[in-house]
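Engineer: CSV, C-alpha atoms, file start-v1.csv:
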chain,number,residue,atom,x,y,z
P,1,MET,CA,0.3,-69.2,-20.4
P,2,TYR,CA,2.7,-66.6,-19.1
P,3,GLN,CA,5.0,-67.2,-22.0
P,4,ASN,CA,2.1,-66.4,-24.3
P,5,GLN,CA,1.8,-62.9,-22.8
P,6,MET,CA,5.4,-62.0,-23.6
P,7,ASN,CA,6.0,-60.7,-27.1
P,8,ASN,CA,9.1,-61.3,-29.2
P,9,TYR,CA,10.9,-58.4,-27.4
P,10,GLY,CA,10.2,-59.9,-23.9
P,11,TYR,CA,7.7,-57.1,-23.0
P,12,TYR,CA,4.4,-57.9,-21.3
P,13,GLN,CA,1.5,-57.9,-23.7
P,14,ASN,CA,-2.1,-57.3,-22.5
P,15,PRO,CA,-4.1,-60.5,-23.1
P,16,TYR,CA,-7.3,-58.5,-23.6
P,17,GLN,CA,-5.8,-56.1,-26.1
P,18,ALA,CA,-7.0,-58.0,-29.1
P,19,ASN,CA,-10.5,-58.6,-27.6
P,20,PRO,CA,-13.0,-56.3,-29.4
P,21,TYR,CA,-15.4,-56.4,-26.5
P,22,TYR,CA,-12.8,-55.2,-24.1
P,23,GLN,CA,-11.7,-52.5,-26.5
P,24,ASN,CA,-15.3,-51.3,-26.8
P,25,GLN,CA,-15.7,-51.2,-23.0
P,26,MET,CA,-12.4,-49.2,-22.7
P,27,GLN,CA,-13.6,-46.6,-25.2
P,28,GLN,CA,-16.9,-46.2,-23.3
P,29,CYS,CA,-15.0,-45.7,-20.1
P,30,GLN,CA,-12.7,-43.1,-21.6
P,31,GLN,CA,-15.6,-41.3,-23.1
P,32,ASN,CA,-17.4,-41.1,-19.7
P,33,GLN,CA,-14.3,-39.9,-18.0
P,34,ILE,CA,-13.7,-36.9,-20.3
P,35,PRO,CA,-17.0,-35.0,-19.5
P,36,MET,CA,-16.4,-35.8,-15.8
P,37,MET,CA,-13.0,-34.2,-15.9
P,38,ASN,CA,-14.4,-31.2,-17.6
P,39,THR,CA,-17.1,-30.8,-14.9
P,40,ILE,CA,-14.4,-30.9,-12.2
P,41,GLN,CA,-12.3,-28.4,-14.0
P,42,SER,CA,-15.2,-26.0,-14.5
P,43,ASN,CA,-16.2,-26.2,-10.8
P,44,VAL,CA,-12.7,-25.0,-9.7
P,45,GLN,CA,-12.8,-21.2,-9.3
P,46,ALA,CA,-9.5,-19.6,-10.0
P,47,LEU,CA,-8.5,-16.6,-7.9
P,48,SER,CA,-7.8,-13.4,-9.8
P,49,GLY,CA,-4.7,-11.3,-9.1
P,50,ARG,CA,-1.0,-11.3,-9.3
P,51,TYR,CA,2.3,-10.4,-7.6
P,52,VAL,CA,3.3,-6.7,-7.7
P,53,SER,CA,6.4,-4.8,-6.7
P,54,ASP,CA,4.3,-1.8,-6.0
P,55,PHE,CA,0.6,-1.4,-5.5
P,56,SER,CA,0.5,1.6,-7.8
P,57,GLU,CA,1.0,-0.9,-10.7
P,58,ILE,CA,-2.5,-2.1,-10.3
P,59,THR,CA,-5.0,-0.8,-12.8
P,60,ALA,CA,-8.8,-0.9,-12.9
P,61,ASN,CA,-8.6,-3.5,-15.7
P,62,ASP,CA,-6.8,-5.9,-13.3
P,63,VAL,CA,-9.9,-6.1,-11.2
P,64,PRO,CA,-12.6,-8.3,-12.6
P,65,MET,CA,-16.1,-6.8,-12.9
P,66,ASP,CA,-17.8,-10.0,-11.8
P,67,GLY,CA,-18.1,-9.0,-8.1
P,68,LYS,CA,-15.3,-11.2,-7.1
P,69,TYR,CA,-12.1,-10.1,-5.3
P,70,ALA,CA,-8.8,-9.9,-7.0
P,71,LEU,CA,-5.7,-10.4,-4.8
P,72,PHE,CA,-2.5,-8.5,-5.3
P,73,ALA,CA,0.5,-9.6,-3.2
P,74,LYS,CA,3.8,-7.7,-2.8
P,75,ASN,CA,6.7,-9.7,-4.1
P,76,ASP,CA,8.1,-10.1,-0.6
P,77,MET,CA,4.6,-11.0,0.7
P,78,SER,CA,4.7,-8.1,3.3
P,79,GLU,CA,1.3,-6.9,2.2
P,80,VAL,CA,-1.7,-8.1,0.2
P,81,HIS,CA,-4.5,-6.0,-1.2
P,82,ALA,CA,-7.9,-7.5,-2.1
P,83,LYS,CA,-9.7,-5.3,-4.6
P,84,VAL,CA,-13.3,-5.5,-5.8
P,85,TRP,CA,-15.7,-3.4,-7.8
P,86,ASP,CA,-18.7,-2.2,-5.9
P,87,GLY,CA,-22.2,-1.5,-7.3
P,88,ASN,CA,-21.4,2.3,-7.5
P,89,GLY,CA,-18.5,1.9,-9.9
P,90,ASN,CA,-15.8,2.3,-7.3
P,91,ILE,CA,-13.0,-0.1,-6.5
P,92,ASN,CA,-12.8,-1.0,-2.8
P,93,THR,CA,-9.6,-2.2,-1.3
P,94,ILE,CA,-8.9,-4.4,1.8
P,95,ARG,CA,-5.3,-4.3,3.0
P,96,PHE,CA,-3.7,-7.3,4.7
P,97,LYS,CA,-0.3,-6.7,6.4
P,98,ALA,CA,2.1,-9.4,7.4
P,99,ILE,CA,2.6,-10.1,11.1
P,100,SER,CA,6.0,-11.4,12.1
P,101,ASP,CA,6.1,-14.4,14.4
P,102,GLU,CA,9.4,-13.3,16.0
P,103,LYS,CA,8.8,-11.8,19.4
P,104,PRO,CA,10.8,-8.7,20.3
P,105,ILE,CA,13.1,-8.9,23.3
P,106,ASN,CA,11.5,-6.9,26.1
P,107,ILE,CA,13.1,-6.5,29.4
P,108,PRO,CA,10.3,-5.7,31.9
P,109,ASN,CA,10.9,-2.3,33.6
P,110,SER,CA,10.0,-3.4,37.1
P,111,ASP,CA,12.7,-6.2,37.0
P,112,SER,CA,15.4,-3.9,35.7
P,113,ASN,CA,14.5,-1.2,38.3
P,114,ALA,CA,14.8,-3.8,41.1
P,115,GLU,CA,18.2,-4.9,39.7
P,116,ILE,CA,19.5,-1.4,39.6
P,117,GLY,CA,18.3,-0.8,43.2
P,118,GLN,CA,20.1,-3.9,44.3
P,119,ILE,CA,23.3,-2.8,42.5
P,120,LEU,CA,23.1,0.7,44.1
P,121,ARG,CA,22.6,-0.9,47.6
P,122,SER,CA,25.7,-3.1,47.0
P,123,VAL,CA,27.7,0.0,45.9
P,124,ASP,CA,26.6,1.8,49.1
P,125,ASP,CA,27.6,-1.2,51.2
P,126,LEU,CA,31.0,-1.3,49.5
P,127,LYS,CA,31.4,2.5,50.1
P,128,SER,CA,30.7,2.1,53.8
P,129,THR,CA,33.1,-0.9,54.0
P,130,ILE,CA,35.8,1.1,52.3
P,131,ASP,CA,35.2,4.0,54.7
P,132,ASP,CA,35.5,1.6,57.7
P,133,LEU,CA,38.7,0.2,56.3
P,134,LYS,CA,40.0,3.8,55.7
P,135,THR,CA,39.3,4.7,59.4
P,136,ILE,CA,41.0,1.5,60.6
P,137,VAL,CA,44.1,2.1,58.4
P,138,LYS,CA,44.2,5.8,59.6
P,139,GLY,CA,44.0,4.6,63.2
P,140,LEU,CA,46.8,2.1,62.6
P,141,ASN,CA,49.0,4.8,60.8
P,142,GLN,CA,48.5,7.2,63.8
P,143,LYS,CA,49.5,4.4,66.2
P,144,SER,CA,52.6,3.6,64.2
P,145,THR,CA,53.7,7.3,64.0
P,146,ARG,CA,53.3,7.7,67.8
P,147,SER,CA,55.4,4.6,68.4
P,148,VAL,CA,58.1,5.8,66.0
P,149,LYS,CA,58.1,9.2,67.8
P,150,LYS,CA,58.4,7.5,71.1
P,151,ASP,CA,61.3,5.5,69.7
P,152,GLY,CA,62.9,8.7,68.4
P,153,ASP,CA,62.5,10.4,71.8
P,154,SER,CA,64.1,7.6,73.6
P,155,GLU,CA,67.2,7.8,71.3
O,1,MET,CA,-18.0,-9.8,-24.5
O,2,ILE,CA,-20.1,-7.2,-26.3
O,3,ASN,CA,-18.4,-4.6,-28.4
O,4,PRO,CA,-19.1,-1.2,-26.7
O,5,VAL,CA,-20.0,0.4,-30.0
O,6,GLU,CA,-22.5,-2.4,-30.7
O,7,PHE,CA,-23.8,-2.1,-27.2
O,8,VAL,CA,-24.5,1.6,-27.5
O,9,LYS,CA,-26.2,1.1,-30.9
O,10,MET,CA,-28.4,-1.6,-29.4
O,11,MET,CA,-29.3,0.6,-26.4
O,12,ARG,CA,-30.3,3.4,-28.8
O,13,SER,CA,-32.4,1.3,-31.1
O,14,ASN,CA,-34.3,-0.6,-28.5
O,15,PRO,CA,-33.3,0.0,-24.9
O,16,GLN,CA,-36.2,-1.9,-23.4
O,17,GLN,CA,-35.4,-5.1,-25.3
O,18,MET,CA,-31.7,-4.6,-24.5
O,19,MET,CA,-32.5,-4.4,-20.8
O,20,GLN,CA,-34.7,-7.5,-20.9
O,21,SER,CA,-31.9,-9.5,-22.6
O,22,MET,CA,-29.4,-8.2,-20.1
O,23,MET,CA,-31.6,-9.1,-17.2
O,24,GLY,CA,-31.8,-12.7,-18.5
O,25,ASN,CA,-28.1,-13.0,-18.7
O,26,ASN,CA,-26.7,-14.5,-15.5
O,27,GLU,CA,-23.1,-13.3,-16.2
O,28,ILE,CA,-24.3,-9.7,-16.5
O,29,MET,CA,-26.5,-9.9,-13.5
O,30,GLN,CA,-23.6,-11.2,-11.4
O,31,ASN,CA,-21.7,-8.0,-12.2
O,32,PRO,CA,-22.5,-5.7,-9.2
O,33,ILE,CA,-22.1,-2.5,-11.3
O,34,MET,CA,-24.5,-3.7,-14.1
O,35,ASN,CA,-26.9,-5.0,-11.4
O,36,ASN,CA,-27.0,-1.6,-9.7
O,37,ALA,CA,-27.2,0.2,-13.1
O,38,ILE,CA,-30.2,-1.8,-14.2
O,39,ASN,CA,-31.9,-1.2,-10.9
O,40,MET,CA,-31.3,2.5,-11.2
O,41,TYR,CA,-32.5,2.5,-14.8
O,42,GLN,CA,-35.7,0.7,-13.8
O,43,ASN,CA,-36.2,3.2,-10.9
O,44,GLY,CA,-35.5,6.2,-13.2
O,45,ASP,CA,-32.5,7.3,-11.1
O,46,THR,CA,-30.6,9.2,-13.8
O,47,GLN,CA,-28.4,11.0,-11.3
O,48,GLY,CA,-27.3,7.7,-9.8
O,49,LEU,CA,-26.6,6.3,-13.2
O,50,GLU,CA,-24.5,9.4,-14.1
O,51,GLN,CA,-22.6,9.1,-10.9
O,52,LEU,CA,-21.9,5.4,-11.5
O,53,VAL,CA,-20.6,6.1,-15.0
O,54,ASN,CA,-18.4,8.9,-13.7
O,55,ASN,CA,-17.0,6.6,-11.0
O,56,VAL,CA,-16.2,3.8,-13.5
O,57,ALA,CA,-14.6,6.3,-15.8
O,58,ARG,CA,-12.5,7.8,-13.0
O,59,GLN,CA,-11.4,4.3,-11.9
O,60,LYS,CA,-10.4,3.5,-15.4
O,61,GLY,CA,-8.3,6.6,-15.6
O,62,THR,CA,-10.6,8.4,-18.2
O,63,SER,CA,-13.7,10.6,-18.3
O,64,VAL,CA,-17.2,10.3,-19.6
O,65,GLU,CA,-16.3,12.9,-22.3
O,66,GLU,CA,-13.3,10.9,-23.4
O,67,MET,CA,-15.4,7.7,-23.5
O,68,ARG,CA,-18.1,9.5,-25.6
O,69,LYS,CA,-15.4,10.7,-28.1
O,70,ARG,CA,-14.0,7.2,-28.4
O,71,LEU,CA,-17.5,5.8,-29.0
O,72,GLY,CA,-18.2,8.5,-31.6
O,73,LEU,CA,-21.2,9.9,-29.7
Go ahead and express the file in the form of structure tokens.

Structural biologist:
Amino acid sequence: MYQNQMNNYGYYQNPYQANPYYQNQMQQCQQNQIPMMNTIQSNVQALSGRYVSDFSEITANDVPMDGKYALFAKNDMSEVHAKVWDGNGNINTIRFKAISDEKPINIPNSDSNAEIGQILRSVDDLKSTIDDLKTIVKGLNQKSTRSVKKDGDSE
Amino acid sequence: MINPVEFVKMMRSNPQQMMQSMMGNNEIMQNPIMNNAINMYQNGDTQGLEQLVNNVARQKGTSVEEMRKRLGL
């Protein structure tokens, strides 16, 4: 049976191909499918519009007079304009601008002020420590000069 | 799409019939400008119609006078 379905070249051959009833059914199926596909295609509404490098390129003829919006996007997608004819013969425009998802780095002022205050306090502490050390060193120097003088006097 | 010259001729010969046929045309009635123009025509709003035509001409980068010349009116 399987061998009968293989033609001389070894390809599979449809066993119903030669059947006139089957061929008739296939044709009917195909004929029914074509109008269905046409109906689907006609129901799809295409958007009017195009990409532009500058919005000044858009002319009145680019906007359809059927009351539907035409969309014009900048090449870099930074801005999109939707244009439509109104009943008074004017073209109305709605502008859409891109919003970047990247969040800017913001240092809160209150935190930075607190940090600066802390640094200033530390500097003040360091200053007072240095002053203390200076007085200690001064005192030590005075002591050592006295002792040297005393030594000198004894000689 | 109707030829503008033919359109003007038809409007001159029998405007009422022209209006009736336009009102029966879905495609034309979906056009907001035509819809408004027909309403204004029916209400006798000639000033509104004139303003509408001026607006369309301005948007198209032309003037009513220029359009008249082109149509040979």

Engineer: Counting all atoms listed in the file, which of P:Ile99, P:Leu71, P:Thr93, P:Val123 gets nearest to Ala46 in chain P?

Structural biologist: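 Answer, going by the shortest atom-to-atom distance: P:Leu71.
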
Engineer: Excluding Val80 in chain P and any residue of its chain fewer than 4 positions from it, enumerate the residues within 12 Å of it, using all atoms listed in the file, and give them as a list of chain:residue names.

Structural biologist: P:Gly49, P:Arg50, P:Tyr51, P:Val52, P:Ser53, P:Asp54, P:Phe55, P:Tyr69, P:Ala70, P:Leu71, P:Phe72, P:Ala73, P:Lys74, P:Asn75, P:Asp76, P:Thr93, P:Ile94, P:Arg95, P:Phe96, P:Lys97, P:Ala98, P:Ile99

Engineer: Only C-alpha atoms, please: the residues just picked out, written as a CSV table (one decimal), in the coordinates of the input.

Structural biologist:
chain,number,residue,atom,x,y,z
P,49,GLY,CA,-4.7,-11.3,-9.1
P,50,ARG,CA,-1.0,-11.3,-9.3
P,51,TYR,CA,2.3,-10.4,-7.6
P,52,VAL,CA,3.3,-6.7,-7.7
P,53,SER,CA,6.4,-4.8,-6.7
P,54,ASP,CA,4.3,-1.8,-6.0
P,55,PHE,CA,0.6,-1.4,-5.5
P,69,TYR,CA,-12.1,-10.1,-5.3
P,70,ALA,CA,-8.8,-9.9,-7.0
P,71,LEU,CA,-5.7,-10.4,-4.8
P,72,PHE,CA,-2.5,-8.5,-5.3
P,73,ALA,CA,0.5,-9.6,-3.2
P,74,LYS,CA,3.8,-7.7,-2.8
P,75,ASN,CA,6.7,-9.7,-4.1
P,76,ASP,CA,8.1,-10.1,-0.6
P,93,THR,CA,-9.6,-2.2,-1.3
P,94,ILE,CA,-8.9,-4.4,1.8
P,95,ARG,CA,-5.3,-4.3,3.0
P,96,PHE,CA,-3.7,-7.3,4.7
P,97,LYS,CA,-0.3,-6.7,6.4
P,98,ALA,CA,2.1,-9.4,7.4
P,99,ILE,CA,2.6,-10.1,11.1

Engineer: May I have a table of the residues of chain P lying at most 7 Å from chain O, giving each one's closest pair of atoms and their distance in Å to one decimal, counting only C-alpha atoms, ordered by chain and ascending residue number, as JSON lines?

Structural biologist:
{"residue": "P:Ala60", "atom": "CA", "partner": "O:Lys60", "partner_atom": "CA", "distance": 5.3}
{"residue": "P:Met65", "atom": "CA", "partner": "O:Asn31", "partner_atom": "CA", "distance": 5.8}
{"residue": "P:Asp66", "atom": "CA", "partner": "O:Asn31", "partner_atom": "CA", "distance": 4.4}
{"residue": "P:Gly67", "atom": "CA", "partner": "O:Asn31", "partner_atom": "CA", "distance": 5.5}
{"residue": "P:Asp86", "atom": "CA", "partner": "O:Pro32", "partner_atom": "CA", "distance": 6.1}
{"residue": "P:Gly87", "atom": "CA", "partner": "O:Ile33", "partner_atom": "CA", "distance": 4.1}
{"residue": "P:Asn88", "atom": "CA", "partner": "O:Leu52", "partner_atom": "CA", "distance": 5.1}
{"residue": "P:Gly89", "atom": "CA", "partner": "O:Val56", "partner_atom": "CA", "distance": 4.7}
{"residue": "P:Asn90", "atom": "CA", "partner": "O:Asn55", "partner_atom": "CA", "distance": 5.8}

Engineer: Could you write out the selected residues, including C-alpha atoms, as a JSON list (two decimals), in the coordinates of the input?

Structural biologist:
[["chain", "number", "residue", "atom", "x", "y", "z"],
["P", 60, "ALA", "CA", -8.80, -0.90, -12.90],
["P", 65, "MET", "CA", -16.10, -6.80, -12.90],
["P", 66, "ASP", "CA", -17.80, -10.00, -11.80],
["P", 67, "GLY", "CA", -18.10, -9.00, -8.10],
["P", 86, "ASP", "CA", -18.70, -2.20, -5.90],
["P", 87, "GLY", "CA", -22.20, -1.50, -7.30],
["P", 88, "ASN", "CA", -21.40, 2.30, -7.50],
["P", 89, "GLY", "CA", -18.50, 1.90, -9.90],
["P", 90, "ASN", "CA", -15.80, 2.30, -7.30]]

Engineer: Find the distance between CA of Pro64 in chain P and CA of Ser48 in chain P and write it in Å to one decimal.

Structural biologist: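 Calculated distance between CA of Pro64 in chain P and CA of Ser48 in chain P is 7.5 Å.
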
Engineer: Using Å and a single decimal, report how far CA of Leu47 in chain P sits from CA of Asn92 in chain P.

Structural biologist: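 According to the coordinates, CA of Asn92 in chain P and CA of Leu47 in chain P are separated by 17.0 Å.
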
Engineer: Quick one: pull the distance between CA of Val8 in chain O and CA of Ser63 in chain O, Å, one decimal.

Structural biologist: 16.8 Å
